[in-house]
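Undergrad: Got a structure for you, start13.cif, holding mmCIF, C-alpha atoms and all ligand atoms.
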data_final
#
loop_
_atom_site.label_atom_id
_atom_site.label_comp_id
_atom_site.auth_asym_id
_atom_site.auth_seq_id
_atom_site.Cartn_x
_atom_site.Cartn_y
_atom_site.Cartn_z
CA MET A 1 57.82 129.93 -63.09
CA LEU A 2 60.07 127.71 -60.97
CA LYS A 3 58.94 124.05 -61.12
CA PHE A 4 59.33 121.94 -57.97
CA TYR A 5 59.23 118.15 -58.48
CA TYR A 6 58.34 116.31 -55.30
CA THR A 7 56.53 113.42 -53.68
CA ALA A 8 54.38 114.17 -50.64
CA THR A 9 56.16 111.66 -48.40
CA SER A 10 59.79 112.48 -49.23
CA PRO A 11 61.59 114.12 -46.28
CA PHE A 12 64.14 115.54 -48.76
CA ALA A 13 61.34 117.23 -50.72
CA ARG A 14 59.91 118.49 -47.42
CA LYS A 15 63.19 120.32 -46.72
CA VAL A 16 62.85 122.22 -49.99
CA ARG A 17 59.14 122.88 -49.39
CA ILE A 18 59.95 124.46 -46.02
CA LEU A 19 62.64 126.70 -47.51
CA LEU A 20 60.32 127.76 -50.37
CA ALA A 21 57.78 128.76 -47.68
CA GLU A 22 60.42 130.59 -45.62
CA MET A 23 61.52 132.55 -48.69
CA LYS A 24 57.97 132.99 -50.03
CA LEU A 25 59.21 131.96 -53.47
CA ALA A 26 56.46 131.47 -56.05
CA HIS A 27 56.63 128.03 -57.69
CA GLU A 28 54.61 125.37 -59.45
CA GLY A 29 54.59 122.01 -57.64
CA VAL A 30 54.76 118.84 -59.76
CA ASP A 31 53.83 115.69 -57.82
CA VAL A 32 55.69 112.67 -59.27
CA SER A 33 54.56 110.25 -56.58
CA PRO A 34 55.04 106.56 -57.48
CA GLY A 35 52.08 105.49 -55.30
CA ASP A 36 51.95 103.53 -52.05
CA ALA A 37 54.55 101.09 -50.71
CA ALA A 38 53.03 98.12 -52.58
CA GLN A 39 53.03 100.06 -55.87
CA VAL A 40 56.67 101.04 -55.34
CA VAL A 41 57.67 97.40 -54.83
CA GLU A 42 55.64 96.36 -57.88
CA LYS A 43 57.26 99.03 -60.07
CA LEU A 44 60.76 98.15 -58.89
CA LYS A 45 60.23 94.43 -59.47
CA ALA A 46 59.02 95.20 -62.99
CA GLU A 47 62.04 97.53 -63.45
CA LYS A 48 59.71 100.42 -64.29
CA SER A 49 60.62 104.01 -63.59
CA LEU A 50 59.38 105.07 -60.15
CA PHE A 51 58.65 108.70 -60.91
CA GLY A 52 57.67 108.38 -64.58
CA ASP A 53 59.85 108.17 -67.70
CA GLU A 54 59.80 111.90 -68.36
CA TYR A 55 61.16 112.73 -64.89
CA GLU A 56 63.75 109.95 -64.91
CA GLU A 57 65.06 111.05 -68.30
CA LEU A 58 65.50 114.54 -66.89
CA VAL A 59 67.07 113.79 -63.49
CA PRO A 60 70.17 111.54 -63.52
CA SER A 61 69.97 110.61 -59.82
CA LEU A 62 66.46 109.16 -60.40
CA ARG A 63 65.50 110.70 -57.06
CA VAL A 64 63.24 113.46 -55.79
CA PRO A 65 63.30 116.38 -55.25
CA ALA A 66 64.44 118.45 -58.22
CA ILE A 67 63.64 121.91 -59.50
CA GLN A 68 63.65 123.48 -62.92
CA ASP A 69 64.10 127.19 -63.30
CA GLY A 70 64.27 128.58 -66.80
CA GLY A 71 66.70 126.29 -68.58
CA GLN A 72 68.35 125.15 -65.36
CA LEU A 73 67.77 121.77 -63.69
CA ILE A 74 68.90 121.37 -60.07
CA PHE A 75 68.69 118.10 -58.13
CA GLU A 76 69.93 117.00 -54.65
CA SER A 77 68.08 118.85 -51.90
CA ASN A 78 71.11 120.66 -50.47
CA ALA A 79 72.12 121.90 -53.94
CA ILE A 80 68.52 123.02 -54.50
CA MET A 81 68.51 124.91 -51.20
CA THR A 82 71.80 126.60 -52.10
CA TYR A 83 70.34 127.57 -55.47
CA LEU A 84 67.22 129.02 -53.79
CA TYR A 85 69.45 131.07 -51.49
CA GLN A 86 71.27 132.48 -54.50
CA LYS A 87 67.96 133.23 -56.17
CA GLY A 88 66.15 134.72 -53.15
CA THR A 89 66.70 138.41 -53.70
CA SER A 90 65.82 139.42 -50.16
CA ILE A 91 65.32 137.06 -47.26
CA SER A 92 62.57 138.71 -45.30
CA SER A 93 61.97 137.50 -41.75
CA GLU A 94 60.29 140.59 -40.38
CA SER A 95 57.45 138.73 -38.65
CA VAL A 96 59.48 135.97 -36.97
CA GLU A 97 61.35 135.95 -33.73
CA ILE A 98 64.30 133.96 -35.09
CA PRO A 99 65.25 135.13 -38.60
CA LEU A 100 66.20 132.83 -41.46
CA ALA A 101 69.98 132.53 -41.66
CA PRO A 102 71.62 134.89 -44.16
CA THR A 103 73.72 132.09 -45.74
CA VAL A 104 73.37 128.32 -46.18
CA ILE A 105 76.60 127.70 -44.30
CA ARG A 106 78.42 130.07 -41.97
CA PRO A 107 81.21 131.83 -43.91
CA ASP A 108 83.65 131.23 -41.02
CA HIS A 109 82.71 127.53 -40.63
CA VAL A 110 82.64 126.34 -44.23
CA TRP A 111 84.13 122.86 -43.82
CA LEU A 112 82.33 122.14 -40.53
CA ASP A 113 78.94 123.21 -41.87
CA THR A 114 79.52 121.21 -45.06
CA MET A 115 80.21 118.15 -42.89
CA ILE A 116 77.09 118.83 -40.82
CA LEU A 117 74.86 118.96 -43.91
CA THR A 118 76.50 115.84 -45.32
CA THR A 119 76.17 113.93 -42.02
CA ILE A 120 72.44 114.71 -41.79
CA ASP A 121 72.14 113.48 -45.37
CA ILE A 122 73.95 110.22 -44.53
CA LEU A 123 71.69 109.77 -41.49
CA MET A 124 68.49 110.17 -43.51
CA ASP A 125 69.80 108.08 -46.37
CA SER A 126 70.79 105.13 -44.10
CA ILE A 127 67.36 104.97 -42.52
CA ILE A 128 65.46 105.32 -45.81
CA ASN A 129 67.67 102.56 -47.19
CA VAL A 130 66.69 100.24 -44.32
CA ALA A 131 62.98 101.05 -44.85
CA GLN A 132 63.15 100.46 -48.61
CA ILE A 133 64.99 97.14 -48.38
CA SER A 134 62.63 95.89 -45.63
CA ARG A 135 59.77 96.32 -48.10
CA PHE A 136 61.27 93.40 -50.01
CA GLY A 137 60.83 91.11 -47.04
CA VAL A 138 64.35 91.50 -45.60
CA ASP A 139 64.35 91.64 -41.79
CA PRO A 140 66.54 94.63 -40.80
CA LYS A 141 67.49 92.92 -37.52
CA SER A 142 68.94 89.85 -39.18
CA ASN A 143 70.69 91.44 -42.14
CA SER A 144 74.27 92.46 -41.35
CA TYR A 145 74.35 95.39 -43.77
CA LEU A 146 71.06 96.81 -42.48
CA ILE A 147 72.34 96.43 -38.91
CA ARG A 148 75.34 98.51 -39.99
CA GLN A 149 73.03 101.14 -41.52
CA ALA A 150 71.17 101.46 -38.18
CA LYS A 151 74.50 101.70 -36.33
CA ARG A 152 75.67 104.40 -38.76
CA ALA A 153 72.49 106.39 -38.04
CA GLN A 154 73.11 106.25 -34.28
CA SER A 155 76.76 107.30 -34.61
CA CYS A 156 75.78 110.21 -36.92
CA LEU A 157 73.18 111.28 -34.32
CA ASP A 158 75.85 111.26 -31.57
CA TRP A 159 78.20 113.34 -33.73
CA LEU A 160 75.45 115.85 -34.54
CA GLU A 161 74.35 116.04 -30.88
CA ALA A 162 77.91 117.09 -29.99
CA ARG A 163 77.85 119.92 -32.56
CA VAL A 164 74.36 121.40 -32.33
CA SER A 165 73.53 124.11 -29.81
CA PRO A 166 70.22 123.91 -27.91
CA LYS A 167 68.95 126.53 -30.37
CA GLY A 168 70.25 125.00 -33.56
CA PHE A 169 73.28 124.83 -35.82
CA TYR A 170 73.50 128.56 -36.60
CA PRO A 171 72.87 130.27 -33.26
CA GLY A 172 70.63 133.32 -33.54
CA PHE A 173 69.17 132.13 -36.83
CA PHE A 174 67.00 129.43 -38.36
CA SER A 175 69.27 127.63 -40.81
CA VAL A 176 69.28 125.10 -43.63
CA ALA A 177 71.02 122.64 -41.26
CA ASP A 178 68.17 123.17 -38.77
CA ILE A 179 65.61 122.46 -41.51
CA ASN A 180 67.50 119.29 -42.49
CA MET A 181 67.76 118.07 -38.91
CA ILE A 182 64.10 118.78 -38.10
CA CYS A 183 62.96 116.89 -41.21
CA ALA A 184 65.09 113.90 -40.17
CA LEU A 185 63.94 113.88 -36.53
CA GLN A 186 60.26 114.38 -37.32
CA MET A 187 60.43 111.61 -39.92
CA PHE A 188 61.93 109.26 -37.30
CA ASP A 189 59.17 110.16 -34.82
CA ALA A 190 56.37 109.79 -37.37
CA ARG A 191 57.62 106.41 -38.60
CA GLY A 192 58.85 105.21 -35.21
CA SER A 193 61.96 104.08 -37.09
CA VAL A 194 64.83 105.51 -35.01
CA ASN A 195 65.27 106.02 -31.32
CA TRP A 196 67.04 109.37 -31.28
CA ARG A 197 65.54 110.89 -28.12
CA GLY A 198 67.54 111.39 -24.94
CA ARG A 199 69.96 113.66 -26.83
CA SER A 200 69.29 116.94 -25.04
CA ASN A 201 70.69 119.39 -27.61
CA LEU A 202 68.77 117.81 -30.48
CA GLU A 203 65.61 117.69 -28.35
CA SER A 204 65.97 121.39 -27.45
CA MET A 205 66.67 122.51 -31.00
CA LEU A 206 63.56 120.67 -32.18
CA SER A 207 61.37 122.29 -29.49
CA CYS A 208 62.91 125.68 -30.29
CA HIS A 209 61.80 125.56 -33.94
CA GLU A 210 58.94 123.04 -34.26
CA SER A 211 56.18 125.62 -33.85
CA ARG A 212 57.55 127.82 -36.64
CA ALA A 213 54.89 128.39 -39.33
CA SER A 214 56.94 126.90 -42.20
CA ILE A 215 57.43 123.66 -40.20
CA LYS A 216 53.84 123.37 -38.95
CA ASP A 217 52.29 124.28 -42.30
CA HIS A 218 54.31 121.56 -44.08
CA PRO A 219 54.11 118.54 -41.77
CA VAL A 220 55.55 115.07 -42.32
CA GLN A 221 53.27 113.07 -44.57
CA LEU A 222 52.96 109.31 -44.42
CA LEU A 223 51.01 107.34 -46.99
N1 LIG B 301 70.54 113.03 -51.33
C1 LIG B 301 69.28 113.15 -51.99
C2 LIG B 301 68.34 112.07 -51.47
C3 LIG B 301 66.98 112.08 -52.16
C4 LIG B 301 66.24 110.76 -51.94
O1 LIG B 301 66.78 109.77 -51.45
N2 LIG B 301 64.97 110.74 -52.35
C5 LIG B 301 64.20 109.52 -52.28
C6 LIG B 301 62.79 109.84 -51.82
S1 LIG B 301 62.77 110.24 -50.11
C7 LIG B 301 64.11 108.92 -53.68
O2 LIG B 301 63.92 109.64 -54.64
N3 LIG B 301 64.24 107.58 -53.80
C8 LIG B 301 64.12 106.91 -55.03
C9 LIG B 301 65.11 105.80 -55.19
O3 LIG B 301 65.86 105.54 -54.24
O4 LIG B 301 65.15 105.21 -56.25
C10 LIG B 301 68.72 114.56 -51.78
O5 LIG B 301 69.14 115.19 -50.81
O6 LIG B 301 67.92 115.05 -52.59
#
Could you quickly redo this structure as structure tokens?

TA:
Amino acid sequence: MLKFYYTATSPFARKVRILLAEMKLAHEGVDVSPGDAAQVVEKLKAEKSLFGDEYEELVPSLRVPAIQDGGQLIFESNAIMTYLYQKGTSISSESVEIPLAPTVIRPDHVWLDTMILTTIDILMDSIINVAQISRFGVDPKSNSYLIRQAKRAQSCLDWLEARVSPKGFYPGFFSVADINMICALQMFDARGSVNWRGRSNLESMLSCHESRASIKDHPVQLL
């Protein structure tokens, strides 16, 4: 059975969880949570592995999520989602109004869709970076590099706003880019960490998909 390594609070793991639900793929979840914010800081200061030695010997990025399927290990959420697409024998969306997209990226927009997925990744990564470093007592408003990270997030949001339609990145379908974007935006709302609102296309795409079962059944989790 496919093993899915995750932590409950990771927005990158949430992306994979939503796609697993969309595709109704049977899997065994393995929670490798390092504990609450204080425990994370404690482990990092002691230079201990965050997710356990066994996991960190297996996954070179030392990050979640990852999956193991037979002898195959896949890490990086977008690579995992691509793998799940290759594995999903039939994508069945019979009971939903907007079907799951037939491919991860549109065959006639390969470089643009690759940039879109990468830009959402940069956006999430910059903000998580700010949150992690602030846990060590660094004030994000007085640290020049963290100010740059926040600026990067805003410029990525502007770029994405100019490329998303009011119904999402893959009009007519619910796509991997939509899942990525929704996980980023809902994380920002839940943590109050980024002011992204006022961007009408992103706001509409979120309202278009937020009541979908896979999104509602796997909400953002904060510790
Ligand atoms: N680009 C990676 C990002 C994954 C990521 O940053 N995961 C965080 C949890 S939300 C993590 O494992 N952080 C541990 C660390 O930074 O050491 C992906 O898409 O899977």

Undergrad: Separation of atom CA of A:Asp125 and atom CA of A:Thr9, in Å?

TA: 14.2 Å

Undergrad: May I have a table of the residues of stretch 111-143 of chain A lying at most 9 Å from stretch 67-87 of chain A, giving each one's closest pair of atoms and their distance in Å to one decimal, counting all atoms listed in the file, ordered by chain and ascending residue number, as a Markdown table?

TA:
| residue | atom | partner | partner_atom | distance |
| --- | --- | --- | --- | --- |
| A:Leu117 | CA | A:Asn78 | CA | 7.7 |
| A:Thr118 | CA | A:Asn78 | CA | 8.9 |
| A:Asp121 | CA | A:Asn78 | CA | 8.9 |

Undergrad: With the cut-off set at 10 Å and counting only C-alpha atoms and all ligand atoms, tabulate each residue of chain A with an atom at most that distance from an atom of ligand LIG 301 (chain B), showing the nearest atom pair and its distance in Å to one decimal, ordered by chain and increasing number, as a tab-separated table.

TA:
residue	atom	partner	partner_atom	distance
A:Tyr6	CA	B:LIG301	C6	8.6
A:Thr7	CA	B:LIG301	C6	7.4
A:Ala8	CA	B:LIG301	S1	9.3
A:Thr9	CA	B:LIG301	S1	7.0
A:Ser10	CA	B:LIG301	S1	3.8
A:Pro11	CA	B:LIG301	S1	5.6
A:Phe12	CA	B:LIG301	O6	5.4
A:Ala13	CA	B:LIG301	S1	7.2
A:Arg14	CA	B:LIG301	S1	9.1
A:Lys15	CA	B:LIG301	O5	8.9
A:Val16	CA	B:LIG301	O6	9.2
A:Val32	CA	B:LIG301	O2	9.9
A:Ser33	CA	B:LIG301	C6	9.5
A:Pro34	CA	B:LIG301	C8	9.4
A:Val40	CA	B:LIG301	C8	9.5
A:Leu44	CA	B:LIG301	O4	8.7
A:Ser49	CA	B:LIG301	O4	8.7
A:Leu50	CA	B:LIG301	O4	7.0
A:Phe51	CA	B:LIG301	C8	8.2
A:Glu56	CA	B:LIG301	O4	10.0
A:Ser61	CA	B:LIG301	O2	8.0
A:Leu62	CA	B:LIG301	O4	5.9
A:Arg63	CA	B:LIG301	O2	3.1
A:Val64	CA	B:LIG301	O2	4.0
A:Pro65	CA	B:LIG301	O6	5.5
A:Ala66	CA	B:LIG301	O6	7.4
A:Ile74	CA	B:LIG301	O6	9.8
A:Phe75	CA	B:LIG301	O6	6.4
A:Glu76	CA	B:LIG301	O6	3.5
A:Ser77	CA	B:LIG301	O6	3.9
A:Asn78	CA	B:LIG301	O5	5.8
A:Ala79	CA	B:LIG301	O5	8.0
A:Ile80	CA	B:LIG301	O6	8.2
A:Met81	CA	B:LIG301	O5	9.7
A:Leu117	CA	B:LIG301	O5	9.7
A:Thr118	CA	B:LIG301	N1	8.9
A:Ile120	CA	B:LIG301	O5	9.6
A:Asp121	CA	B:LIG301	N1	6.2
A:Ile122	CA	B:LIG301	N1	8.1
A:Met124	CA	B:LIG301	O1	8.1
A:Asp125	CA	B:LIG301	O1	6.1
A:Ser126	CA	B:LIG301	O1	9.6
A:Ile128	CA	B:LIG301	S1	7.1
A:Asn129	CA	B:LIG301	O3	7.9
A:Gln132	CA	B:LIG301	O3	8.1
A:Asn180	CA	B:LIG301	O5	9.4

Undergrad: For the atom pair atom CA of A:Pro99 and atom CA of A:Phe188, what is the interatomic distance in Å to one decimal place?

TA: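 Computed distance, atom CA of A:Pro99 to atom CA of A:Phe188, equals 26.1 Å.
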
Undergrad: A:His27: which residues within 6 Å, counting only C-alpha atoms, same-chain residues fewer than 2 positions away excluded, as a list in words?

TA: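 Listed by chain and then number, they are Met1, Leu2 and Lys3 of chain A.
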
Undergrad: Report, as lines of an AutoDock Vina configuration file, the centre and edge lengths in Å (one decimal) of the axis-aligned box enclosing every listed atom of stretch 104-108 of chain A, padded by 5 Å on each side.

TA:
center_x = 78.5
center_y = 129.8
center_z = -43.6
size_x = 20.3
size_y = 14.1
size_z = 15.2

Undergrad: Find, counting only C-alpha atoms, the residue in A:Ala26, A:Leu146, A:Ile18, A:Met205 that gets nearest to A:Val220.

TA: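 Closest to A:Val220, using only C-alpha atoms: A:Ile18.
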
Undergrad: Can you tell me which residues surround A:Gly168 at a distance of at most 12 Å, considering only C-alpha atoms, apart from same-chain residues fewer than 5 positions away, and format the answer as a list in words?

TA: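 So, after excluding close chain neighbours, the residues are Ile98, Leu100, Ala101, Ile116, Leu160, Glu161, Ala162, Arg163, Phe173, Phe174, Ser175, Val176, Ala177, Asp178, Ile179, Asn180, Met181, Ile182, Ser200, Asn201, Leu202, Glu203, Ser204, Met205, Leu206, Ser207, Cys208, His209 and Glu210 of chain A.
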
Undergrad: Using all atoms listed in the file, which residue out of A:Asn143, A:Ser95, A:Gln221, A:Thr103 lies closest to A:Arg191?

TA: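 Closest to A:Arg191 of all the choices is A:Gln221.
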
Undergrad: I'd like the neighbourhood of A:Lys151 as a list in words, where a residue qualifies if any of its atoms comes within 12 Å (using all atoms listed in the file), though same-chain residues fewer than 2 positions away should be ignored.

TA: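 Counting all atoms listed in the file, the residues come to Ile122, Leu123, Ser126, Ile127, Val130, Pro140, Lys141, Ser144, Tyr145, Leu146, Ile147, Arg148, Gln149, Ala153, Gln154, Ser155, Cys156, Leu157, Asp158, Val194, Asn195 and Trp196 of chain A.
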
Undergrad: Report, in Å with one decimal, the straight-line distance from atom CA of A:Pro171 to atom CA of A:Met23.

TA: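 Atom-to-atom, atom CA of A:Pro171 and atom CA of A:Met23 are spaced 19.3 Å apart.
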
Undergrad: I need the residue nearest A:Asp217 from this list: A:Gly198, A:Ala131, A:Phe136, A:Glu22. Use all atoms listed in the file for the distance.

TA: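 Among the listed residues, the smallest separation from A:Asp217 belongs to A:Glu22.
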
Undergrad: Pick from A:Met115, A:Leu223, A:Glu54, A:Ala38: nearest to A:Arg135, with all atoms listed in the file counted?

TA: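 Smallest separation from A:Arg135 among the options: A:Ala38.
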
Undergrad: Nearest to A:Ser214: which of A:Met187, A:Ile133, A:Val59, A:Val96 is it, counting all atoms listed in the file?

TA: A:Val96
